[in-house]
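*Asks:* What follows is the file protein36.cif, containing mmCIF, C-alpha atoms and all ligand atoms:
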```
data_upload
#
loop_
_atom_site.label_atom_id
_atom_site.label_comp_id
_atom_site.auth_asym_id
_atom_site.auth_seq_id
_atom_site.Cartn_x
_atom_site.Cartn_y
_atom_site.Cartn_z
CA MET A 1 250.83 -25.66 -26.22
CA TYR A 2 249.46 -29.00 -27.44
CA ILE A 3 252.43 -30.89 -26.05
CA LEU A 4 251.65 -29.61 -22.59
CA ALA A 5 247.94 -30.39 -22.78
CA SER A 6 247.50 -32.90 -19.99
CA THR A 7 243.97 -33.90 -20.90
CA GLN A 8 243.10 -35.84 -23.99
CA ALA A 9 240.14 -34.49 -25.89
CA SER A 10 239.88 -37.55 -28.16
CA ASN A 11 241.13 -41.11 -28.60
CA PHE A 12 243.59 -40.00 -31.29
CA VAL A 13 245.51 -37.46 -29.25
CA SER A 14 248.06 -39.90 -27.81
CA GLY A 15 248.87 -41.56 -31.15
CA VAL A 16 249.33 -38.30 -33.05
CA ASP A 17 251.28 -36.63 -30.25
CA ARG A 18 253.54 -39.65 -29.89
CA ALA A 19 254.42 -39.58 -33.61
CA PHE A 20 254.93 -35.84 -33.41
CA LEU A 21 257.21 -36.06 -30.37
CA VAL A 22 259.25 -38.94 -31.79
CA ILE A 23 259.92 -37.00 -35.01
CA LEU A 24 260.57 -33.79 -33.12
CA GLY A 25 262.92 -35.67 -30.77
CA ILE A 26 264.94 -37.15 -33.65
CA CYS A 27 265.17 -33.72 -35.31
CA PHE A 28 266.30 -32.23 -32.05
CA VAL A 29 269.08 -34.79 -31.53
CA PHE A 30 270.35 -34.09 -35.05
CA LEU A 31 270.12 -30.33 -34.65
CA ILE A 32 272.19 -30.39 -31.48
CA GLY A 33 274.53 -33.16 -32.71
CA LEU A 34 275.31 -31.51 -36.06
CA THR A 35 275.70 -28.04 -34.61
CA VAL A 36 278.10 -29.22 -31.91
CA THR A 37 280.14 -31.28 -34.41
CA MET A 38 280.30 -28.33 -36.78
CA ILE A 39 281.50 -25.96 -34.10
CA TYR A 40 284.05 -28.51 -32.89
CA PHE A 41 285.39 -29.02 -36.43
CA ILE A 42 285.78 -25.30 -36.94
CA TYR A 43 287.91 -25.24 -33.84
CA ARG A 44 289.81 -28.51 -34.27
CA TYR A 45 290.61 -28.26 -37.97
CA ASP A 46 291.38 -24.62 -38.45
CA LYS A 47 294.62 -23.57 -40.17
CA LYS A 48 296.53 -23.22 -36.90
CA ARG A 49 295.74 -26.67 -35.49
CA ASN A 50 295.57 -28.59 -38.75
CA PRO A 51 297.70 -26.88 -41.41
CA GLN A 52 297.80 -29.93 -43.70
CA ALA A 53 294.42 -31.34 -44.86
CA THR A 54 294.12 -35.14 -44.94
CA GLN A 55 292.59 -36.79 -48.00
CA ILE A 56 290.20 -39.62 -47.16
CA LYS A 57 289.31 -41.90 -50.08
CA GLY A 58 286.25 -44.07 -49.59
CA SER A 59 285.30 -45.97 -46.44
CA THR A 60 282.93 -48.91 -46.64
CA THR A 61 282.30 -48.81 -42.90
CA LEU A 62 281.29 -45.14 -43.06
CA GLU A 63 279.06 -45.75 -46.06
CA ILE A 64 277.25 -48.54 -44.25
CA VAL A 65 276.90 -46.57 -41.02
CA TRP A 66 275.43 -43.49 -42.68
CA THR A 67 273.04 -45.57 -44.71
CA VAL A 68 271.83 -47.96 -42.04
CA ILE A 69 271.29 -45.44 -39.22
CA PRO A 70 269.11 -43.04 -41.28
CA VAL A 71 267.13 -46.00 -42.66
CA ILE A 72 266.38 -47.16 -39.14
CA LEU A 73 265.42 -43.65 -38.04
CA VAL A 74 263.13 -43.15 -41.03
CA LEU A 75 261.47 -46.49 -40.34
CA VAL A 76 260.97 -45.56 -36.69
CA MET A 77 259.30 -42.31 -37.77
CA PHE A 78 257.20 -44.21 -40.30
CA TYR A 79 256.15 -46.74 -37.69
CA TYR A 80 254.86 -44.15 -35.22
CA GLY A 81 253.18 -42.17 -37.97
CA TRP A 82 251.49 -45.28 -39.32
CA ALA A 83 250.45 -46.51 -35.88
CA GLY A 84 248.84 -43.15 -35.12
CA TRP A 85 247.13 -42.87 -38.50
CA LYS A 86 245.89 -46.40 -39.19
CA PRO A 87 243.07 -46.49 -36.59
CA MET A 88 241.66 -43.26 -38.05
CA LYS A 89 240.82 -45.11 -41.24
CA SER A 90 238.30 -47.59 -39.80
CA ALA A 91 235.34 -46.34 -37.83
CA PRO A 92 233.58 -48.74 -35.45
CA ASP A 93 230.26 -50.08 -36.76
CA ASP A 94 228.29 -48.65 -33.85
CA SER A 95 229.49 -45.09 -34.50
CA PHE A 96 226.99 -42.28 -34.19
CA GLU A 97 226.83 -40.91 -37.74
CA ILE A 98 226.50 -37.25 -38.68
CA ASP A 99 226.45 -35.83 -42.21
CA VAL A 100 228.69 -32.86 -42.90
CA ILE A 101 228.03 -30.55 -45.82
CA ALA A 102 230.88 -28.20 -46.70
CA ARG A 103 230.36 -25.30 -49.05
CA MET A 104 231.67 -21.81 -49.58
CA TRP A 105 231.79 -20.76 -46.73
CA ASN A 106 230.36 -22.83 -43.93
CA PHE A 107 229.90 -26.32 -42.59
CA THR A 108 226.43 -27.69 -41.88
CA PHE A 109 225.95 -30.71 -39.63
CA GLN A 110 222.90 -32.83 -40.32
CA TYR A 111 221.75 -35.48 -37.87
CA GLU A 112 219.79 -38.62 -38.71
CA ASN A 113 216.64 -37.27 -37.07
CA GLY A 114 216.71 -34.14 -39.22
CA LYS A 115 218.36 -31.79 -36.74
CA LYS A 116 220.69 -29.33 -38.43
CA THR A 117 223.35 -27.17 -36.82
CA ASP A 118 226.35 -25.03 -37.55
CA THR A 119 228.02 -26.13 -34.31
CA LEU A 120 228.92 -29.81 -34.07
CA PHE A 121 227.24 -31.41 -31.03
CA VAL A 122 228.68 -34.77 -29.98
CA PRO A 123 228.28 -37.10 -26.99
CA MET A 124 231.20 -37.91 -24.68
CA ASP A 125 232.92 -41.30 -24.91
CA LYS A 126 231.00 -42.46 -27.94
CA PRO A 127 232.44 -43.06 -31.41
CA VAL A 128 231.23 -40.38 -33.79
CA LYS A 129 231.58 -40.71 -37.55
CA LEU A 130 231.34 -37.69 -39.84
CA ASN A 131 230.32 -38.41 -43.44
CA MET A 132 231.58 -35.43 -45.36
CA VAL A 133 230.72 -34.00 -48.77
CA SER A 134 231.60 -30.74 -50.46
CA LEU A 135 229.22 -28.94 -52.79
CA ASP A 136 231.81 -26.75 -54.49
CA VAL A 137 235.56 -26.76 -53.93
CA VAL A 138 238.04 -28.63 -51.74
CA HIS A 139 237.57 -27.85 -48.06
CA SER A 140 239.24 -29.55 -45.13
CA LEU A 141 237.75 -30.14 -41.72
CA TYR A 142 240.13 -29.77 -38.83
CA ILE A 143 239.57 -30.19 -35.09
CA PRO A 144 242.98 -29.50 -33.54
CA ALA A 145 242.03 -30.57 -30.01
CA PHE A 146 241.00 -33.99 -31.38
CA ARG A 147 244.01 -34.25 -33.72
CA VAL A 148 241.78 -35.05 -36.67
CA LYS A 149 241.79 -33.43 -40.11
CA GLU A 150 240.43 -34.62 -43.43
CA ASP A 151 240.02 -33.03 -46.84
CA VAL A 152 236.45 -32.70 -48.10
CA VAL A 153 236.61 -33.19 -51.85
CA PRO A 154 233.75 -32.46 -54.26
CA GLY A 155 232.38 -35.58 -55.90
CA ARG A 156 233.73 -37.90 -53.25
CA GLU A 157 232.37 -39.02 -49.91
CA LYS A 158 235.01 -38.74 -47.21
CA PHE A 159 234.78 -39.56 -43.53
CA MET A 160 236.50 -39.06 -40.23
CA TRP A 161 235.76 -40.53 -36.84
CA PHE A 162 236.79 -39.99 -33.22
CA ILE A 163 235.73 -40.59 -29.65
CA PRO A 164 235.38 -37.31 -27.76
CA GLN A 165 236.92 -37.76 -24.34
CA LYS A 166 236.72 -34.35 -22.82
CA GLU A 167 233.72 -32.18 -22.13
CA GLY A 168 233.83 -28.67 -23.51
CA ILE A 169 233.89 -26.50 -26.58
CA PHE A 170 236.71 -26.84 -29.10
CA ASP A 171 237.64 -25.08 -32.34
CA LEU A 172 236.62 -26.59 -35.64
CA PHE A 173 237.59 -24.96 -38.92
CA CYS A 174 238.36 -25.30 -42.59
CA THR A 175 242.06 -25.69 -43.21
CA GLU A 176 242.12 -25.66 -47.01
CA TYR A 177 242.21 -22.18 -48.51
CA CYS A 178 238.87 -22.12 -50.34
CA GLY A 179 238.38 -18.56 -51.49
CA LEU A 180 237.37 -15.11 -50.36
CA SER A 181 235.68 -15.89 -47.05
CA HIS A 182 237.63 -19.02 -46.14
CA SER A 183 238.29 -17.52 -42.73
CA TYR A 184 234.53 -17.53 -42.04
CA MET A 185 234.63 -21.31 -41.93
CA ILE A 186 235.34 -21.46 -38.24
CA ASN A 187 233.00 -22.85 -35.62
CA SER A 188 233.05 -25.21 -32.66
CA VAL A 189 232.52 -28.75 -31.51
CA LYS A 190 230.54 -29.03 -28.33
CA VAL A 191 231.15 -32.21 -26.33
CA VAL A 192 228.48 -33.00 -23.73
CA PRO A 193 227.73 -36.07 -21.55
CA GLN A 194 225.53 -38.70 -23.19
CA ASN A 195 222.38 -37.89 -21.18
CA GLU A 196 222.68 -34.20 -21.96
CA PHE A 197 223.31 -35.04 -25.59
CA ASP A 198 220.21 -37.30 -25.73
CA LYS A 199 218.13 -34.51 -24.25
CA TRP A 200 219.40 -32.07 -26.86
CA TYR A 201 219.06 -34.62 -29.66
CA THR A 202 215.54 -35.81 -28.96
CA ASP A 203 214.26 -32.40 -28.02
CA THR A 204 212.61 -31.33 -31.22
CA THR A 205 210.22 -29.14 -29.22
CA ALA A 206 213.08 -26.74 -28.53
CA THR A 207 213.36 -25.73 -32.16
CA VAL A 208 209.59 -25.77 -32.59
CA ALA A 209 209.14 -23.61 -29.50
CA SER A 210 211.75 -21.08 -30.54
CA ALA A 211 210.28 -21.01 -34.03
CA ALA A 212 206.92 -20.25 -32.46
CA ILE A 213 208.36 -17.44 -30.37
CA ASP A 214 210.41 -16.08 -33.25
CA SER A 215 208.51 -14.16 -35.83
CA PRO A 216 208.90 -15.82 -39.26
CA SER A 217 211.31 -13.09 -40.34
CA ALA A 218 213.46 -13.50 -37.21
CA ALA A 219 213.50 -17.24 -37.84
CA GLY A 220 214.55 -16.53 -41.43
CA LYS A 221 217.42 -14.37 -40.28
CA ARG A 222 218.58 -17.04 -37.82
CA ILE A 223 218.49 -19.74 -40.51
CA MET A 224 220.45 -17.57 -42.93
CA THR A 225 223.07 -16.82 -40.31
CA ASN A 226 223.42 -20.49 -39.38
CA ILE A 227 223.61 -21.80 -42.91
CA GLY A 228 226.04 -19.15 -44.05
CA CYS A 229 224.19 -16.95 -46.59
CA PHE A 230 225.90 -13.84 -45.23
CA ALA A 231 229.31 -15.11 -46.30
CA CYS A 232 228.27 -13.97 -49.79
CA HIS A 233 225.37 -11.54 -49.33
CA THR A 234 224.96 -8.34 -47.33
CA ILE A 235 221.86 -6.49 -46.21
CA ASP A 236 223.44 -3.04 -46.29
CA GLY A 237 223.69 -2.46 -50.04
CA ASN A 238 227.28 -3.64 -50.46
CA LYS A 239 228.27 -6.21 -53.04
CA LEU A 240 230.09 -9.27 -51.82
CA VAL A 241 230.38 -12.47 -53.84
CA GLY A 242 226.65 -12.19 -54.44
CA PRO A 243 224.28 -9.23 -54.75
CA THR A 244 223.01 -7.44 -51.66
CA PHE A 245 219.58 -8.32 -50.29
CA LYS A 246 218.84 -4.67 -49.63
CA GLY A 247 215.72 -3.64 -51.52
CA LEU A 248 215.59 -6.92 -53.40
CA TYR A 249 212.13 -8.13 -52.53
CA GLY A 250 209.37 -6.74 -54.73
CA HIS A 251 211.78 -4.90 -57.01
CA GLU A 252 213.07 -5.69 -60.44
CA ALA A 253 215.90 -8.13 -60.86
CA ARG A 254 217.88 -8.37 -64.08
CA ILE A 255 218.83 -11.95 -64.75
CA LYS A 256 220.61 -13.89 -67.45
CA VAL A 257 218.77 -16.97 -68.63
CA GLY A 258 220.65 -18.85 -71.30
CA GLY A 259 222.12 -15.94 -73.29
CA ASP A 260 219.32 -13.41 -72.78
CA ILE A 261 218.84 -10.74 -70.14
CA LYS A 262 215.38 -10.72 -68.62
CA THR A 263 213.81 -8.37 -66.13
CA VAL A 264 211.64 -9.99 -63.51
CA ILE A 265 210.03 -8.97 -60.25
CA ALA A 266 211.73 -10.52 -57.23
CA ASP A 267 208.74 -12.21 -55.65
CA ASP A 268 208.38 -15.38 -53.56
CA GLU A 269 208.65 -17.63 -56.58
CA TYR A 270 211.80 -15.88 -57.85
CA ILE A 271 213.57 -16.10 -54.50
CA LYS A 272 212.61 -19.71 -53.98
CA LYS A 273 214.06 -20.54 -57.39
CA ALA A 274 217.22 -18.50 -56.62
CA ILE A 275 217.75 -20.65 -53.52
CA LEU A 276 216.89 -24.07 -54.93
CA ASP A 277 218.24 -23.68 -58.47
CA PRO A 278 220.66 -20.74 -58.31
CA ASN A 279 222.54 -21.45 -61.49
CA SER A 280 219.58 -21.54 -63.86
CA GLU A 281 219.12 -17.76 -63.62
CA ILE A 282 222.14 -15.60 -62.98
CA VAL A 283 221.85 -12.07 -61.69
CA GLU A 284 223.37 -9.64 -64.20
CA GLY A 285 226.95 -8.76 -63.30
CA TYR A 286 227.53 -11.86 -61.16
CA ASN A 287 229.03 -15.23 -61.83
CA LYS A 288 227.61 -18.66 -62.17
CA GLY A 289 228.84 -21.47 -59.97
CA PHE A 290 229.40 -19.71 -56.66
CA MET A 291 226.02 -20.25 -55.09
CA GLN A 292 225.12 -23.93 -54.86
CA SER A 293 221.59 -25.26 -54.53
CA TYR A 294 220.12 -25.61 -51.04
CA GLN A 295 217.80 -28.36 -52.28
CA GLY A 296 217.40 -30.91 -49.49
CA GLN A 297 218.96 -28.60 -46.92
CA LEU A 298 216.17 -26.10 -46.48
CA THR A 299 212.51 -27.05 -46.08
CA ASP A 300 209.66 -25.09 -47.64
CA THR A 301 208.86 -23.60 -44.24
CA GLU A 302 212.45 -22.45 -43.84
CA ILE A 303 212.50 -20.94 -47.31
CA ASN A 304 209.29 -19.07 -46.53
CA GLN A 305 210.85 -17.74 -43.34
CA ILE A 306 213.86 -16.57 -45.35
CA ILE A 307 211.50 -14.81 -47.78
CA GLU A 308 209.74 -13.14 -44.84
CA TYR A 309 213.08 -11.87 -43.63
CA LEU A 310 214.10 -10.62 -47.08
CA LYS A 311 210.84 -8.63 -47.24
CA THR A 312 211.98 -6.65 -44.19
CA ILE A 313 215.24 -5.47 -45.81
CA LYS A 314 214.03 -2.40 -47.61
CU CU A 401 236.68 -24.19 -46.84
#
```
As structure tokens, how would this structure be written, given the file I've shared?
Ligand SMILES: [Cu+2]
*Replies:*
Amino acid sequence: MYILASTQASNFVSGVDRAFLVILGICFVFLIGLTVTMIYFIYRYDKKRNPQATQIKGSTTLEIVWTVIPVILVLVMFYYGWAGWKPMKSAPDDSFEIDVIARMWNFTFQYENGKKTDTLFVPMDKPVKLNMVSLDVVHSLYIPAFRVKEDVVPGREKFMWFIPQKEGIFDLFCTEYCGLSHSYMINSVKVVPQNEFDKWYTDTTATVASAAIDSPSAAGKRIMTNIGCFACHTIDGNKLVGPTFKGLYGHEARIKVGGDIKTVIADDEYIKKAILDPNSEIVEGYNKGFMQSYQGQLTDTEINQIIEYLKTIK
């Protein structure tokens, strides 16, 4: 499918595809060559045509031939692989930078002006650099149409860059098995012309306007969907990785603080703390370390909207 793609969605497509085709081509020649030789030998040296086996003892020429040819082939494969990979490791200085936060189980894209999305918006024909961090386990960001893929490792800052060269919407997903809802980590890259991108990027009124139209609780629901809370929490009473939100607000929550179990009322303060410092108080029956802090990713207004939404789930 990719081989036949006539259009190039990024600057790396040709390099990666060339390496792929060279290696595939070499494999193909060997597959055919070895199979044909094998079949021929079965025919030519069977008992009828060759009753007496010949013993061959050592051949320097043969040894050299079957050492030198594979070495050359391996170096050819290495060369194309290297040539396709090397440019991926140095992003141009004028790249448009976007922060990527990976966590169980979603990616969040944060732009320099504060815009935050779950879909990656990028301008056409402009180098884009993604600075990627993981808050929990190893994830890996993969955009097949761009031929780019990079592991996102906790405790390390990783990056990838590319120049989108085709308008449209392409798949983007996590390609490192990262637990229960790994398959939720799928979204898209949206490539738009520069002027359209600028309009989207500078238009902060759009979010303000929709926030004004949305009730706070609807805004809260939208935020939670975008940032991935529902990968671990339900609103219908079922347990997932985390407790359900059904009937949470205003009721008693049993939490473990240090070694003790405490009963508290789930009010605004409690929920805010659960979002910003989840591992200081653990809900009884659940495990520490799954939910990571949303400090720096959610503003006070957004947290209040989430609380408004949680109030509606009776
Ligand atoms: Cu993942």
*Asks:* Find the residues around Arg222 of chain A up to 9 Å (only C-alpha atoms counted), leave out those fewer than 5 positions away in its own chain, and share them as a list of chain:residue names.
*Replies:* A:Ser217, A:Ile227, A:Ile306
*Asks:* So which residues are near ligand CU 401 (chain A), meaning at most 9 Å away with all atoms listed in the file counted, given back as a PDB file with C-alpha atoms, in the frame of the given file?
*Replies:*
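Below you can see selection-v3.pdb, which holds the result:
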```
ATOM      1  CA  ALA A 102     230.880 -28.200 -46.700  1.00  0.00           C
ATOM      2  CA  ARG A 103     230.360 -25.300 -49.050  1.00  0.00           C
ATOM      3  CA  MET A 104     231.670 -21.810 -49.580  1.00  0.00           C
ATOM      4  CA  TRP A 105     231.790 -20.760 -46.730  1.00  0.00           C
ATOM      5  CA  ASN A 106     230.360 -22.830 -43.930  1.00  0.00           C
ATOM      6  CA  PHE A 107     229.900 -26.320 -42.590  1.00  0.00           C
ATOM      7  CA  VAL A 137     235.560 -26.760 -53.930  1.00  0.00           C
ATOM      8  CA  VAL A 138     238.040 -28.630 -51.740  1.00  0.00           C
ATOM      9  CA  HIS A 139     237.570 -27.850 -48.060  1.00  0.00           C
ATOM     10  CA  SER A 140     239.240 -29.550 -45.130  1.00  0.00           C
ATOM     11  CA  LEU A 141     237.750 -30.140 -41.720  1.00  0.00           C
ATOM     12  CA  VAL A 152     236.450 -32.700 -48.100  1.00  0.00           C
ATOM     13  CA  PHE A 173     237.590 -24.960 -38.920  1.00  0.00           C
ATOM     14  CA  CYS A 174     238.360 -25.300 -42.590  1.00  0.00           C
ATOM     15  CA  THR A 175     242.060 -25.690 -43.210  1.00  0.00           C
ATOM     16  CA  GLU A 176     242.120 -25.660 -47.010  1.00  0.00           C
ATOM     17  CA  TYR A 177     242.210 -22.180 -48.510  1.00  0.00           C
ATOM     18  CA  CYS A 178     238.870 -22.120 -50.340  1.00  0.00           C
ATOM     19  CA  GLY A 179     238.380 -18.560 -51.490  1.00  0.00           C
ATOM     20  CA  SER A 181     235.680 -15.890 -47.050  1.00  0.00           C
ATOM     21  CA  HIS A 182     237.630 -19.020 -46.140  1.00  0.00           C
ATOM     22  CA  SER A 183     238.290 -17.520 -42.730  1.00  0.00           C
ATOM     23  CA  TYR A 184     234.530 -17.530 -42.040  1.00  0.00           C
ATOM     24  CA  MET A 185     234.630 -21.310 -41.930  1.00  0.00           C
TER      25      MET A 185
END
```
*Asks:* For a test of reading the model, state the distance in Å between atom CA of Leu135 of chain A and atom CA of Arg156 of chain A, rounded to one decimal.
*Replies:*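 Those two atoms sit 10.0 Å apart.
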*Asks:* Nearest to Leu73 of chain A among A:Gln297, A:Gly155, A:Ile23, A:Asp118, with distances taken over only C-alpha atoms: which residue is it?
*Replies:*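 When distances to Leu73 of chain A are compared using only C-alpha atoms, the smallest one comes from A:Ile23.
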*Asks:* Any idea what the distance is between atom CA of Gln194 of chain A and atom CA of Ile98 of chain A?
*Replies:*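 Computed distance, atom CA of Gln194 of chain A to atom CA of Ile98 of chain A, equals 15.6 Å.
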*Asks:* Using only C-alpha atoms and a cutoff of 10 Å, can you tell me which residues are near (227.4, -30.1, -35.1) in the file's coordinates, and write them out as a compact mmCIF listing (two decimals) with C-alpha atoms, in the coordinates of the input?
*Replies:*
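out_3.txt, written as the output of this step:
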```
# COMPACT_ATOMS: atom_id res chain seq x y z
CA ILE A 98 226.50 -37.25 -38.68
CA ASP A 99 226.45 -35.83 -42.21
CA VAL A 100 228.69 -32.86 -42.90
CA PHE A 107 229.90 -26.32 -42.59
CA THR A 108 226.43 -27.69 -41.88
CA PHE A 109 225.95 -30.71 -39.63
CA GLN A 110 222.90 -32.83 -40.32
CA TYR A 111 221.75 -35.48 -37.87
CA LYS A 115 218.36 -31.79 -36.74
CA LYS A 116 220.69 -29.33 -38.43
CA THR A 117 223.35 -27.17 -36.82
CA ASP A 118 226.35 -25.03 -37.55
CA THR A 119 228.02 -26.13 -34.31
CA LEU A 120 228.92 -29.81 -34.07
CA PHE A 121 227.24 -31.41 -31.03
CA VAL A 122 228.68 -34.77 -29.98
CA LEU A 130 231.34 -37.69 -39.84
CA LEU A 172 236.62 -26.59 -35.64
CA ASN A 187 233.00 -22.85 -35.62
CA SER A 188 233.05 -25.21 -32.66
CA VAL A 189 232.52 -28.75 -31.51
CA LYS A 190 230.54 -29.03 -28.33
CA VAL A 191 231.15 -32.21 -26.33
```
*Asks:* Excluding Ala266 of chain A and residues on its chain fewer than 4 positions from it, collect all residues at most 6 Å away from it, counting only C-alpha atoms, and give them as a list in words.
*Replies:* Tyr249, Gly250, His251, Glu252 and Tyr270 of chain A
*Asks:* Could you state the separation of atom CA of Glu150 of chain A and atom CA of Pro92 of chain A in Å, given to one decimal place?
*Replies:*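 So the answer is 17.6 Å.
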*Asks:* Between A:Ile271, A:Leu310, A:Val65, A:Val192, which is the closest to Thr234 of chain A once you count only C-alpha atoms?
*Replies:*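 The answer is A:Leu310, which sits nearest to Thr234 of chain A.
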*Asks:* Kindly indicate which residue among A:Asp93, A:Asp151, A:Glu167, A:Glu269 lies nearest to Ser134 of chain A, using all atoms listed in the file for the distances.
*Replies:*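 Residue with the minimum atom-to-atom distance to Ser134 of chain A: A:Asp151.
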*Asks:* Counting all atoms listed in the file, which residue out of A:Glu157, A:Glu196, A:Glu308, A:Glu281 sits closest to Gly220 of chain A?
*Replies:*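 Going through A:Glu157, A:Glu196, A:Glu308, A:Glu281 one by one, the smallest distance to Gly220 of chain A is for A:Glu308.
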*Asks:* Set the distance at 10 Å and use all atoms listed in the file: which residues neighbour Leu298 of chain A once local chain neighbours fewer than 3 positions away are removed? I'd like the list as number ranges by chain.
*Replies:* A: 116, 223, 227, 275-276, 293-295, 301-304, 306
*Asks:* Using all atoms listed in the file, which residue out of A:Lys272, A:Lys314, A:Met160, A:Asn195 lies closest to Ser90 of chain A?
*Replies:*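 So, comparing all the options, the nearest one is A:Met160.
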*Asks:* Using only C-alpha atoms, I'd like a table of the residues in segment 100-216 of chain A that come within 10 Å of segment 79-88 of chain A; for each, show the closest atom pair and its distance in Å rounded to one decimal, ordered by chain and ascending number, as CSV.
*Replies:*
```
residue,atom,partner,partner_atom,distance
A:Val148,CA,A:Met88,CA,8.3
A:Phe159,CA,A:Met88,CA,9.5
A:Met160,CA,A:Met88,CA,7.0
A:Trp161,CA,A:Met88,CA,6.6
A:Phe162,CA,A:Met88,CA,7.6
```
*Asks:* Store the residues picked out above, limited to C-alpha atoms, as a compact mmCIF listing (two decimals), in the coordinates of the input.
*Replies:*
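The resulting file, part_5.txt, is reproduced below:
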```
# COMPACT_ATOMS: atom_id res chain seq x y z
CA VAL A 148 241.78 -35.05 -36.67
CA PHE A 159 234.78 -39.56 -43.53
CA MET A 160 236.50 -39.06 -40.23
CA TRP A 161 235.76 -40.53 -36.84
CA PHE A 162 236.79 -39.99 -33.22
```
